[in-house]
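S.K.: Next comes input05.txt, compact mmCIF, C-alpha atoms:
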# COMPACT_ATOMS: atom_id res chain seq x y z
CA MET A 1 74.33 101.53 108.77
CA GLU A 2 73.50 105.05 107.66
CA ARG A 3 76.78 106.38 109.00
CA LEU A 4 78.76 103.65 107.24
CA LEU A 5 77.07 104.59 103.96
CA VAL A 6 77.93 108.25 104.52
CA ILE A 7 81.57 107.37 105.25
CA THR A 8 81.77 105.12 102.19
CA ALA A 9 80.17 107.69 99.89
CA SER A 10 82.36 110.48 101.25
CA GLY A 11 85.51 108.41 100.79
CA ALA A 12 84.51 107.45 97.25
CA ILE A 13 83.73 111.04 96.23
CA GLY A 14 86.94 112.33 97.80
CA THR A 15 89.03 109.62 96.17
CA LEU A 16 87.53 110.29 92.74
CA MET A 17 88.24 113.98 93.23
CA PHE A 18 91.85 113.21 94.15
CA VAL A 19 92.38 110.89 91.16
CA TRP A 20 90.78 113.39 88.78
CA LEU A 21 92.93 116.24 90.04
CA SER A 22 96.05 114.06 89.87
CA TRP A 23 95.27 113.34 86.22
CA MET A 24 94.42 116.97 85.41
CA LEU A 25 97.62 118.34 86.95
CA ARG A 26 99.60 116.59 84.25
CA LYS A 27 98.05 119.00 81.75
CA GLN A 28 99.43 122.47 81.20
CA THR A 29 95.94 123.99 81.11
CA MET A 30 95.31 122.87 84.70
CA LYS A 31 98.70 124.19 85.81
CA ASP A 32 97.87 127.53 84.22
CA TYR A 33 94.52 127.55 86.04
CA VAL A 34 96.27 126.93 89.37
CA MET A 35 98.73 129.74 88.74
CA ALA A 36 95.92 132.13 87.78
CA ASN A 37 93.77 131.23 90.82
CA GLN A 38 96.26 130.87 93.63
CA TRP A 39 93.77 132.22 96.15
CA LEU A 40 91.89 128.97 95.57
CA MET A 41 94.44 126.41 94.40
CA HIS A 42 97.79 127.40 95.90
CA PRO A 43 98.97 124.64 98.29
CA ASN A 44 98.89 127.07 101.21
CA SER A 45 95.36 128.12 100.26
CA ILE A 46 94.27 124.47 100.20
CA CYS A 47 95.68 124.13 103.73
CA TYR A 48 93.55 127.07 104.87
CA TRP A 49 90.46 125.65 103.16
CA ARG A 50 90.77 122.19 104.69
CA SER A 51 91.46 123.62 108.15
CA GLY A 52 88.33 125.73 107.89
CA MET A 53 86.32 122.72 106.71
CA ALA A 54 87.59 120.65 109.65
CA ILE A 55 86.57 123.33 112.14
CA VAL A 56 83.11 123.57 110.57
CA GLY A 57 82.86 119.77 110.67
CA PHE A 58 83.81 119.75 114.36
CA PHE A 59 81.05 122.16 115.34
CA LEU A 60 78.48 120.41 113.16
CA TYR A 61 79.28 117.01 114.69
CA PHE A 62 79.57 117.85 118.37
CA MET A 63 77.25 120.88 118.64
CA SER A 64 74.42 120.10 116.22
CA ASN A 65 72.41 117.25 114.76
CA PHE A 66 74.16 117.33 111.37
CA GLN A 67 76.61 114.51 112.05
CA SER A 68 76.37 113.04 108.54
CA LEU A 69 77.21 116.39 106.95
CA ALA A 70 80.07 116.79 109.41
CA ILE A 71 81.51 113.38 108.46
CA PHE A 72 81.30 114.27 104.76
CA ILE A 73 83.06 117.60 105.29
CA PHE A 74 85.78 116.06 107.46
CA THR A 75 86.43 113.23 104.99
CA ILE A 76 86.89 115.68 102.12
CA ALA A 77 89.16 117.82 104.32
CA ALA A 78 91.27 114.75 105.15
CA ILE A 79 91.66 113.79 101.49
CA LEU A 80 92.64 117.37 100.65
CA ASP A 81 95.73 116.73 102.79
CA GLY A 82 97.16 114.83 99.83
CA VAL A 83 96.06 117.44 97.31
CA ASP A 84 98.15 120.37 98.58
CA GLY A 85 101.41 118.43 98.27
CA MET A 86 100.45 117.16 94.83
CA VAL A 87 99.75 120.71 93.62
CA ALA A 88 103.01 121.95 95.16
CA ARG A 89 105.06 119.30 93.35
CA ASN A 90 103.35 119.57 89.98
CA CYS A 91 103.22 123.37 89.86
CA ASN A 92 106.50 124.06 91.68
CA LEU A 93 104.72 126.04 94.39
CA GLY A 94 106.44 124.61 97.46
CA THR A 95 107.49 127.21 100.02
CA ARG A 96 109.30 127.25 103.34
CA TRP A 97 106.10 128.51 104.96
CA GLY A 98 104.20 125.64 103.37
CA GLU A 99 106.50 123.10 105.06
CA THR A 100 105.39 124.48 108.42
CA LEU A 101 101.78 125.16 107.47
CA ASP A 102 100.95 121.69 106.11
CA PRO A 103 101.60 119.67 109.31
CA PHE A 104 100.03 122.45 111.42
CA CYS A 105 96.82 122.24 109.38
CA ASP A 106 96.90 118.44 109.71
CA LYS A 107 96.93 118.79 113.49
CA LEU A 108 94.20 121.42 113.38
CA THR A 109 92.12 118.97 111.33
CA TYR A 110 92.32 115.79 113.43
CA LEU A 111 93.19 116.84 117.00
CA PRO A 112 89.95 118.73 117.87
CA PRO A 113 87.62 115.84 116.89
CA MET A 114 89.90 113.34 118.64
CA LEU A 115 89.60 115.43 121.78
CA GLY A 116 85.83 115.58 121.29
CA PHE A 117 85.61 111.79 121.01
CA ALA A 118 87.80 111.45 124.10
CA TYR A 119 85.37 113.47 126.19
CA VAL A 120 82.39 111.43 124.99
CA GLY A 121 84.18 108.28 126.15
CA ILE A 122 85.29 106.67 122.88
CA LEU A 123 89.02 107.44 123.21
CA SER A 124 91.29 107.66 126.24
CA THR A 125 91.46 111.28 127.39
CA HIS A 126 94.98 110.78 128.76
CA LEU A 127 96.30 109.33 125.51
CA VAL A 128 94.76 112.13 123.45
CA TRP A 129 96.37 114.76 125.65
CA ILE A 130 99.73 112.97 125.38
CA LEU A 131 99.42 113.09 121.59
CA ILE A 132 98.45 116.76 121.73
CA GLY A 133 101.48 117.48 123.92
CA ILE A 134 103.86 115.78 121.48
CA GLU A 135 102.23 117.48 118.50
CA VAL A 136 102.40 120.95 120.10
CA ALA A 137 106.02 120.41 121.15
CA GLY A 138 106.92 119.26 117.66
CA GLN A 139 105.05 122.06 115.89
CA PHE A 140 106.04 125.07 117.99
CA PHE A 141 109.20 124.22 119.94
CA ALA A 142 111.02 121.68 117.79
CA ARG A 143 110.41 123.70 114.63
CA ARG A 144 111.86 126.82 116.23
CA ILE A 145 115.02 124.92 117.04
CA LEU A 146 115.10 123.45 113.55
CA THR A 147 114.67 126.89 112.02
CA ALA A 148 117.51 128.26 114.14
CA LEU A 149 119.69 125.35 112.98
CA LYS A 150 118.57 125.96 109.38
CA ILE A 151 117.16 122.43 109.14
CA SER A 152 114.00 121.71 107.17
CA GLY A 153 110.92 121.14 109.29
CA ALA A 154 109.00 119.37 106.54
CA ALA A 155 106.96 116.35 107.53
CA ASN A 156 108.81 113.04 107.26
CA ASN A 157 107.40 109.59 106.51
CA PHE A 158 106.58 108.93 110.17
CA GLY A 159 104.60 112.15 110.38
CA LYS A 160 102.71 111.51 107.14
CA ILE A 161 101.75 107.97 108.12
CA LYS A 162 100.71 109.21 111.56
CA ALA A 163 98.51 111.90 110.01
CA ILE A 164 96.71 109.37 107.81
CA ILE A 165 96.12 107.05 110.77
CA CYS A 166 94.77 109.98 112.81
CA PHE A 167 92.34 110.89 110.02
CA VAL A 168 91.19 107.27 109.81
CA LEU A 169 90.87 107.11 113.60
CA VAL A 170 88.50 110.10 113.64
CA ILE A 171 86.28 108.45 111.02
CA PHE A 172 86.41 105.18 112.96
CA CYS A 173 85.35 106.97 116.15
CA ALA A 174 82.35 108.43 114.31
CA LEU A 175 81.40 104.88 113.28
CA ILE A 176 81.83 103.59 116.84
CA ASP A 177 79.75 106.50 118.14
CA GLU A 178 76.73 105.15 116.24
CA ASN A 179 77.62 101.46 116.62
CA PRO A 180 79.03 100.95 120.14
CA HIS A 181 78.81 97.15 119.74
CA LEU A 182 81.75 97.21 117.29
CA ILE A 183 85.22 96.27 118.54
CA ASN A 184 86.82 99.51 119.73
CA ILE A 185 90.52 99.55 118.81
CA GLY A 186 90.68 103.33 119.17
CA ASP A 187 93.10 103.49 122.10
CA GLU A 188 95.46 100.95 120.53
CA VAL A 189 95.52 102.90 117.26
CA LEU A 190 95.97 106.11 119.24
CA LEU A 191 99.01 104.59 120.96
CA ALA A 192 100.49 103.82 117.53
CA CYS A 193 99.90 107.48 116.58
CA ILE A 194 101.75 108.62 119.71
CA ILE A 195 104.75 106.43 118.84
CA LEU A 196 104.80 107.68 115.26
CA ALA A 197 104.45 111.29 116.41
CA GLY A 198 107.42 110.91 118.76
CA ALA A 199 109.47 109.26 115.99
CA SER A 200 108.55 112.05 113.59
CA VAL A 201 109.87 114.71 115.97
CA ALA A 202 112.99 112.77 116.92
CA PHE A 203 114.01 112.00 113.33
CA LYS A 204 113.94 115.69 112.40
CA PHE A 205 116.98 116.22 114.63
CA ILE A 206 118.91 113.21 113.33
CA PRO A 207 121.31 113.68 110.39
CA ASN A 208 119.79 112.21 107.25
CA ARG A 209 122.72 109.88 106.62
CA LEU A 210 121.97 108.05 109.90
CA TYR A 211 118.33 107.31 109.05
CA ALA A 212 119.04 104.01 107.31
CA ASP A 213 121.33 102.72 110.09
CA ILE A 214 118.81 103.59 112.80
CA LEU A 215 116.01 101.82 110.96
CA SER A 216 118.24 98.75 110.43
CA THR A 217 118.99 98.78 114.16
CA LEU A 218 115.26 98.91 114.93
CA ASN A 219 114.76 95.96 112.56
CA PHE A 220 117.48 94.06 114.46
CA ILE A 221 115.79 94.86 117.78
CA CYS A 222 112.49 93.56 116.38
CA GLY A 223 114.22 90.30 115.46
CA ILE A 224 115.66 89.85 118.96
CA THR A 225 112.31 90.73 120.53
CA SER A 226 110.58 88.19 118.32
CA LEU A 227 113.01 85.47 119.46
CA VAL A 228 112.16 86.23 123.09
CA LEU A 229 108.41 86.21 122.42
CA THR A 230 108.67 82.94 120.47
CA HIS A 231 110.55 81.39 123.39
CA GLU A 232 107.56 82.33 125.55
CA LEU A 233 105.28 80.68 122.92
CA ARG A 234 103.57 84.00 122.15
CA PHE A 235 103.61 83.38 118.40
CA GLY A 236 101.09 86.05 117.42
CA TYR A 237 103.03 88.82 119.13
CA ALA A 238 106.34 87.46 117.83
CA ILE A 239 105.07 87.53 114.25
CA CYS A 240 103.63 91.04 114.66
CA VAL A 241 107.05 92.24 115.79
CA ILE A 242 108.72 90.65 112.75
CA ILE A 243 106.26 92.44 110.46
CA VAL A 244 107.09 95.73 112.18
CA GLY A 245 110.73 94.88 111.50
CA GLN A 246 109.84 94.42 107.84
CA LEU A 247 108.40 97.93 107.78
CA PHE A 248 111.70 99.24 109.17
CA ASP A 249 113.56 97.17 106.56
CA LEU A 250 111.39 98.67 103.83
CA PHE A 251 112.10 102.21 105.00
CA ASP A 252 115.83 101.76 105.59
CA GLY A 253 116.36 100.96 101.92
CA ARG A 254 114.40 104.03 100.86
CA MET A 255 116.33 106.23 103.28
CA ALA A 256 119.71 104.86 102.16
CA GLU A 257 118.76 105.47 98.55
CA LYS A 258 117.53 109.00 99.26
CA HIS A 259 119.99 110.25 101.89
CA GLY A 260 122.93 107.84 101.72
CA GLY A 261 124.32 106.17 104.83
CA THR A 262 127.44 105.14 106.68
CA LYS A 263 130.02 102.55 105.60
CA TYR A 264 128.67 100.13 108.22
CA GLY A 265 125.09 100.44 106.99
CA PRO A 266 125.08 97.51 104.52
CA TYR A 267 126.58 95.15 107.13
CA LEU A 268 124.06 96.25 109.75
CA ASP A 269 121.23 95.77 107.29
CA ASP A 270 122.37 92.22 106.44
CA ILE A 271 122.74 91.26 110.11
CA ALA A 272 119.29 92.66 110.92
CA ASP A 273 117.75 90.81 107.95
CA PHE A 274 119.36 87.52 109.00
CA VAL A 275 118.06 87.82 112.56
CA SER A 276 114.55 89.07 111.72
CA PHE A 277 113.90 87.04 108.57
CA GLY A 278 116.13 84.02 109.22
CA LEU A 279 116.65 83.18 112.89
CA ALA A 280 113.28 84.45 114.15
CA PRO A 281 111.08 82.55 111.65
CA ALA A 282 113.25 79.43 112.05
CA TYR A 283 112.72 79.55 115.81
CA VAL A 284 108.96 79.79 115.19
CA ILE A 285 109.24 76.60 113.11
CA TYR A 286 111.17 74.88 115.89
CA GLN A 287 108.80 75.95 118.67
CA SER A 288 105.74 74.96 116.63
CA GLY A 289 106.76 71.37 117.25
CA GLY A 290 106.43 68.40 115.00
CA THR A 291 108.81 65.66 113.94
CA LEU A 292 112.23 67.00 112.90
CA ALA A 293 111.11 70.61 113.45
CA TRP A 294 114.70 71.47 114.37
CA LEU A 295 115.91 70.17 111.00
CA PHE A 296 113.42 72.22 108.97
CA GLY A 297 114.33 75.27 111.04
CA LEU A 298 118.02 74.74 110.22
CA ILE A 299 117.20 74.31 106.53
CA PHE A 300 115.34 77.60 106.56
CA ILE A 301 118.23 79.39 108.32
CA ALA A 302 120.70 77.95 105.81
CA ALA A 303 118.53 79.12 102.89
CA VAL A 304 118.30 82.67 104.26
CA ALA A 305 122.06 82.76 104.94
CA TYR A 306 122.86 81.42 101.46
CA ARG A 307 120.50 83.92 99.88
CA LEU A 308 122.02 86.89 101.73
CA ILE A 309 125.58 85.80 100.97
CA ARG A 310 124.75 85.23 97.29
CA PHE A 311 123.11 88.65 97.10
CA VAL A 312 126.15 90.44 98.58
CA THR A 313 128.94 88.51 96.84
CA VAL A 314 127.37 87.60 93.49
CA ASP A 315 124.07 89.30 92.61
CA LYS A 316 125.26 92.83 93.38
CA LEU A 317 128.15 92.37 90.94
CA ARG A 318 126.12 90.95 88.08
CA THR A 319 125.61 93.17 85.04
CA ASP A 320 122.85 90.99 83.60
CA LEU A 321 120.62 91.46 86.65
CA PRO A 322 118.57 94.69 86.30
CA ASP A 323 118.68 97.11 89.20
CA GLY A 324 115.88 96.41 91.66
CA ILE A 325 115.38 92.80 90.55
CA PHE A 326 115.97 89.99 93.06
CA ASN A 327 117.48 86.65 92.08
CA GLY A 328 115.26 84.41 94.17
CA LEU A 329 112.43 85.28 96.55
CA PRO A 330 113.47 88.05 99.00
CA SER A 331 114.03 86.80 102.55
CA PRO A 332 111.29 89.04 104.07
CA ALA A 333 108.73 87.41 101.74
CA GLY A 334 110.17 83.96 102.49
CA ALA A 335 109.80 84.67 106.18
CA LEU A 336 106.18 85.77 105.76
CA ILE A 337 105.30 82.49 104.03
CA VAL A 338 106.57 80.53 107.04
CA LEU A 339 105.06 82.87 109.61
CA GLY A 340 101.62 82.86 108.01
CA ALA A 341 101.68 79.08 107.73
CA ALA A 342 102.74 78.75 111.38
CA LEU A 343 99.48 80.38 112.44
CA VAL A 344 97.08 78.33 110.32
CA MET A 345 98.73 74.98 109.54
CA PRO A 346 99.63 71.89 111.58
CA PRO A 347 103.37 71.13 112.10
CA HIS A 348 103.79 68.66 109.21
CA PHE A 349 102.32 71.15 106.72
CA LEU A 350 104.49 73.90 108.19
CA ALA A 351 107.56 71.75 107.51
CA ALA A 352 106.56 71.43 103.85
CA VAL A 353 105.97 75.18 103.59
CA ALA A 354 109.41 75.83 105.12
CA ILE A 355 111.00 73.66 102.41
CA ILE A 356 109.03 75.44 99.66
CA SER A 357 109.98 78.87 101.03
CA SER A 358 113.64 77.85 101.30
CA GLY A 359 113.61 76.58 97.72
CA LEU A 360 112.08 79.81 96.41
CA MET A 361 114.69 81.93 98.21
CA ILE A 362 117.69 80.05 96.82
CA SER A 363 116.14 79.67 93.37
CA HIS A 364 116.90 81.82 90.35
CA ILE A 365 113.30 82.93 89.92
CA ARG A 366 113.37 86.70 89.67
CA PHE A 367 111.16 89.07 91.65
CA ALA A 368 110.95 92.84 91.65
CA HIS A 369 112.16 94.72 94.71
CA PHE A 370 109.07 95.87 96.61
CA GLY A 371 110.59 99.22 97.59
CA ARG A 372 112.63 100.14 94.52
CA ILE A 373 110.33 98.86 91.78
CA ILE A 374 106.78 98.24 92.96
CA LEU A 375 106.43 101.17 95.35
CA LYS A 376 107.77 103.57 92.74
CA GLN A 377 104.76 102.67 90.60
CA ILE A 378 102.44 103.47 93.51
CA PRO A 379 101.50 107.15 94.11
CA ARG A 380 102.98 108.50 97.35
CA PRO A 381 99.60 109.04 99.05
CA LEU A 382 98.69 105.42 98.30
CA PHE A 383 102.02 104.25 99.73
CA PHE A 384 101.35 106.10 102.98
CA LEU A 385 97.81 104.74 103.02
CA ILE A 386 99.10 101.15 102.61
CA SER A 387 101.61 101.64 105.43
CA SER A 388 98.86 103.05 107.64
CA THR A 389 96.57 100.14 106.79
CA ILE A 390 99.26 97.62 107.79
CA ILE A 391 99.71 99.33 111.17
CA VAL A 392 95.97 99.49 111.82
CA ALA A 393 95.59 95.84 110.77
CA LEU A 394 98.31 94.82 113.24
CA VAL A 395 96.55 96.76 115.99
CA PHE A 396 93.26 95.01 115.16
CA VAL A 397 94.92 91.59 115.28
CA LEU A 398 96.52 92.36 118.64
CA LYS A 399 93.18 93.58 119.98
CA THR A 400 91.07 90.69 118.74
CA LYS A 401 93.75 87.96 119.02
CA ASN A 402 92.27 86.37 115.89
CA VAL A 403 95.29 84.24 114.98
CA GLN A 404 93.67 82.43 112.06
CA MET A 405 92.65 85.65 110.32
CA PHE A 406 96.15 87.03 110.88
CA GLY A 407 97.75 83.98 109.29
CA TYR A 408 95.55 84.06 106.20
CA LEU A 409 96.11 87.81 105.88
CA ILE A 410 99.88 87.26 105.88
CA LEU A 411 99.73 84.44 103.34
CA SER A 412 97.44 86.40 101.01
CA SER A 413 99.76 89.41 101.14
CA VAL A 414 102.74 87.23 100.16
CA ILE A 415 100.84 85.70 97.26
CA ILE A 416 99.86 89.17 96.02
CA TYR A 417 103.51 90.31 96.23
CA MET A 418 104.76 87.23 94.37
CA VAL A 419 102.29 87.78 91.53
CA ILE A 420 102.99 91.50 91.27
CA GLY A 421 106.72 91.02 91.85
CA HIS A 422 106.93 88.50 89.02
CA LYS A 423 105.01 90.82 86.72
CA TRP A 424 107.27 93.78 87.47
CA ARG A 425 110.26 91.47 87.08
CA ASP A 426 109.39 91.30 83.39
CA ALA A 427 108.84 95.07 83.28
CA GLY A 428 112.21 95.67 84.93
CA GLN A 429 113.99 93.45 82.40
CA SER A 430 112.38 95.24 79.49
CA THR A 431 113.45 98.71 80.60
For this file, write the structure as structure tokens.
M.R.:
Amino acid sequence: MERLLVITASGAIGTLMFVWLSWMLRKQTMKDYVMANQWLMHPNSICYWRSGMAIVGFFLYFMSNFQSLAIFIFTIAAILDGVDGMVARNCNLGTRWGETLDPFCDKLTYLPPMLGFAYVGILSTHLVWILIGIEVAGQFFARRILTALKISGAANNFGKIKAIICFVLVIFCALIDENPHLINIGDEVLLACIILAGASVAFKFIPNRLYADILSTLNFICGITSLVLTHELRFGYAICVIIVGQLFDLFDGRMAEKHGGTKYGPYLDDIADFVSFGLAPAYVIYQSGGTLAWLFGLIFIAAVAYRLIRFVTVDKLRTDLPDGIFNGLPSPAGALIVLGAALVMPPHFLAAVAIISSGLMISHIRFAHFGRIILKQIPRPLFFLISSTIIVALVFVLKTKNVQMFGYLILSSVIIYMVIGHKWRDAGQST
């Protein structure tokens, strides 16, 4: 209990510090202070400070009896990871060296304690060393190649999300260390970090214009995988895979908007969406059983197909529809309604939910685009934190196999989106 209070207090203090600094950096006086005290506030200096704090925290935790102080120091160091980038952007202090230094300091912050927790038996030693191998290869070998090719080695979204999850994993291990009776999902989260680390390195060598197409392809693969898992009646796993596909779908739009894409990208995106958010959920409806389940599955497929066709042939050409506003509920949200209901409701209720979801998708009720409207109102660190939370939540569900909790979590997330999406619909129309 004491350790949980320390973690909570540390997180609260660090978050308040981050919010305060974010607010202050909008003022010229704070920018002048940063420029006059670069030994303290330059982004590179912040990297050095947090690395030093992490090293001190490591020795205090594993080689002394000051574990609570170590947790506090490490938590502040982890939150400072978002501060250096914020200072760099607001004060125009980004440097080429900083692009290399920032991810290196991240690794220096979370890898040593992860290794320490591995050797006390909380994490898998083999998995930690695999992560260290990927991180070292990415930091020292991949970056040399990137430098020779004159390609930026700055951290991408995969790397940033992975870093946040690693920071959270270290804090979680400290909690497990004092409370071994808690469910240990450390190795499963660590495996997610390994996958993200590999993706982070691989995507640095891929031309930016291919990012969106690759993510759409991964979304398509998730849809096919979900169909196979549903056929085997492994609904929980099938739904987890669809949600992973939704993460890819979320990122492919952001990448296409930021880096462009190929001429086949929009078609690939539509096909992936139809499979992952149309066919896969409809097959879940069918396999869930119940009278006329096949009919309700077909209705859902038809609604998703109609919605996608209307979006491509009509909505995109409309001048009265603000950019980033959907005409009808987006198919990923429609899919989530059905998938959440499939886990917590009997077949006859699921059929009714499928009809409601289909009606919302083909309706003319307007919702804000989650990526283009809502996420733009969310600070970047919070966006990465939300993405990390989703991944950790999926890992917890897979570990505990608590299907009911998973279903209610999905349904609550859709309701929150619909409320916020409708609110930002009005904001989008007024701008």
S.K.: Could you tell me, as a PDB file with C-alpha atoms, in the frame of the given file, which residues have any atom at most 12 Å from (96.2, 99.4, 108.0), counting all atoms listed in the file?
M.R.:
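Result went into point.pdb, see below:
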ATOM      1  CA  ILE A 161     101.750 107.970 108.120  1.00  0.00           C
ATOM      2  CA  LYS A 162     100.710 109.210 111.560  1.00  0.00           C
ATOM      3  CA  ILE A 164      96.710 109.370 107.810  1.00  0.00           C
ATOM      4  CA  ILE A 165      96.120 107.050 110.770  1.00  0.00           C
ATOM      5  CA  CYS A 166      94.770 109.980 112.810  1.00  0.00           C
ATOM      6  CA  VAL A 168      91.190 107.270 109.810  1.00  0.00           C
ATOM      7  CA  LEU A 169      90.870 107.110 113.600  1.00  0.00           C
ATOM      8  CA  VAL A 189      95.520 102.900 117.260  1.00  0.00           C
ATOM      9  CA  ALA A 192     100.490 103.820 117.530  1.00  0.00           C
ATOM     10  CA  LEU A 382      98.690 105.420  98.300  1.00  0.00           C
ATOM     11  CA  PHE A 383     102.020 104.250  99.730  1.00  0.00           C
ATOM     12  CA  PHE A 384     101.350 106.100 102.980  1.00  0.00           C
ATOM     13  CA  LEU A 385      97.810 104.740 103.020  1.00  0.00           C
ATOM     14  CA  ILE A 386      99.100 101.150 102.610  1.00  0.00           C
ATOM     15  CA  SER A 387     101.610 101.640 105.430  1.00  0.00           C
ATOM     16  CA  SER A 388      98.860 103.050 107.640  1.00  0.00           C
ATOM     17  CA  THR A 389      96.570 100.140 106.790  1.00  0.00           C
ATOM     18  CA  ILE A 390      99.260  97.620 107.790  1.00  0.00           C
ATOM     19  CA  ILE A 391      99.710  99.330 111.170  1.00  0.00           C
ATOM     20  CA  VAL A 392      95.970  99.490 111.820  1.00  0.00           C
ATOM     21  CA  ALA A 393      95.590  95.840 110.770  1.00  0.00           C
ATOM     22  CA  LEU A 394      98.310  94.820 113.240  1.00  0.00           C
ATOM     23  CA  VAL A 395      96.550  96.760 115.990  1.00  0.00           C
ATOM     24  CA  PHE A 396      93.260  95.010 115.160  1.00  0.00           C
ATOM     25  CA  VAL A 397      94.920  91.590 115.280  1.00  0.00           C
ATOM     26  CA  LEU A 409      96.110  87.810 105.880  1.00  0.00           C
TER      27      LEU A 409
END
S.K.: Choose the residue, out of A:Gly82, A:Pro266, A:Gly11, A:Gly324, that has the smallest atom-to-atom separation from Leu215 of chain A; count only C-alpha atoms.
M.R.: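 With only C-alpha atoms as the atom set, the closest residue is A:Pro266.
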S.K.: Just checking: using all atoms listed in the file, which residue out of A:Met63, A:Arg318, A:Cys193, A:Gly94 ends up closest to Ile132 of chain A?
M.R.: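 Smallest distance to Ile132 of chain A is found for A:Cys193.
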S.K.: Which neighbours of Phe300 of chain A fall inside 10 Å, counting only C-alpha atoms, when residues of the same chain fewer than 6 positions from it are skipped, and could you give them as a list in words?
M.R.: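 Close residues of Phe300 of chain A: Phe277, Gly278, Leu279, Pro281, Ala282, Tyr283, Ile285, Trp294, Tyr306, Gly334, Ala335, Val338, Ala351, Ala354, Ile355, Ile356, Ser357, Ser358, Gly359 and Met361 of chain A.
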S.K.: What is the atom CA of Leu93 of chain A to atom CA of Phe141 of chain A distance in Å?
M.R.: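 These two atoms are separated by 26.0 Å.
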S.K.: Specify the axis-aligned box that encloses all atoms of segment 41-60 of chain A listed in the file after padding of 5 Å on each side, stating its centre and edge lengths in Å to one decimal as lines of an AutoDock Vina configuration file.
M.R.:
center_x = 88.7
center_y = 123.9
center_z = 104.9
size_x = 30.5
size_y = 18.4
size_z = 30.9
S.K.: Which residue is closest to Leu25 of chain A? Choose from A:Arg89, A:Lys160, A:Lys107, A:Arg96 and count all atoms listed in the file.
M.R.: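 The closest residue to Leu25 of chain A is A:Arg89.
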S.K.: Excluding Gly138 of chain A and residues on its chain fewer than 6 positions from it, collect all residues at most 9 Å away from it, counting only C-alpha atoms, and give them as a list in words.
M.R.: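 My reading of the contact set: Ala197, Gly198, Ser200, Val201 and Ala202 of chain A.
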S.K.: Between A:Gly57, A:Pro332, A:Gly261, A:Pro347, which residue has the minimum interatomic distance to Gly297 of chain A, considering only C-alpha atoms?
M.R.: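 Smallest distance to Gly297 of chain A is found for A:Pro347.
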S.K.: Given the point (104.4, 120.2, 109.0) in the coordinates of this file, which residues lie within 12 Å, counting only C-alpha atoms, and how would they look as a ChimeraX atom specification?
M.R.: /A:44,47,81,85,95-108,135-136,138-140,142-143,152-160,162-163,197,200-201,204
S.K.: Quick one: everything within 9 Å of Ala212 of chain A, counting all atoms listed in the file, minus sequence neighbours fewer than 2 positions away in the same chain. Send it as a PyMOL selection string.
M.R.: chain A and resi 208-210+214-217+248-249+251-257+259-262+265+269
S.K.: Return the single residue from A:Val304, A:Ile13, A:Cys240, A:Met114 that is closest to Ile271 of chain A, with distances computed using all atoms listed in the file.
M.R.: A:Val304
S.K.: For Ile55 of chain A, which residue among A:Leu339, A:Leu5, A:Asn90, A:Thr109 is the nearest when counting only C-alpha atoms?
M.R.: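 Selected residue with least distance to Ile55 of chain A: A:Thr109.
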S.K.: Please list as a tab-separated table (two decimals) with C-alpha atoms, in the coordinates of the input every residue within 10 Å of Glu178 of chain A, counting all atoms listed in the file and excluding residues in the same chain fewer than 4 positions away.
M.R.:
chain	number	residue	atom	x	y	z
A	1	MET	CA	74.33	101.53	108.77
A	2	GLU	CA	73.50	105.05	107.66
A	3	ARG	CA	76.78	106.38	109.00
A	4	LEU	CA	78.76	103.65	107.24
A	173	CYS	CA	85.35	106.97	116.15
A	174	ALA	CA	82.35	108.43	114.31
A	182	LEU	CA	81.75	97.21	117.29
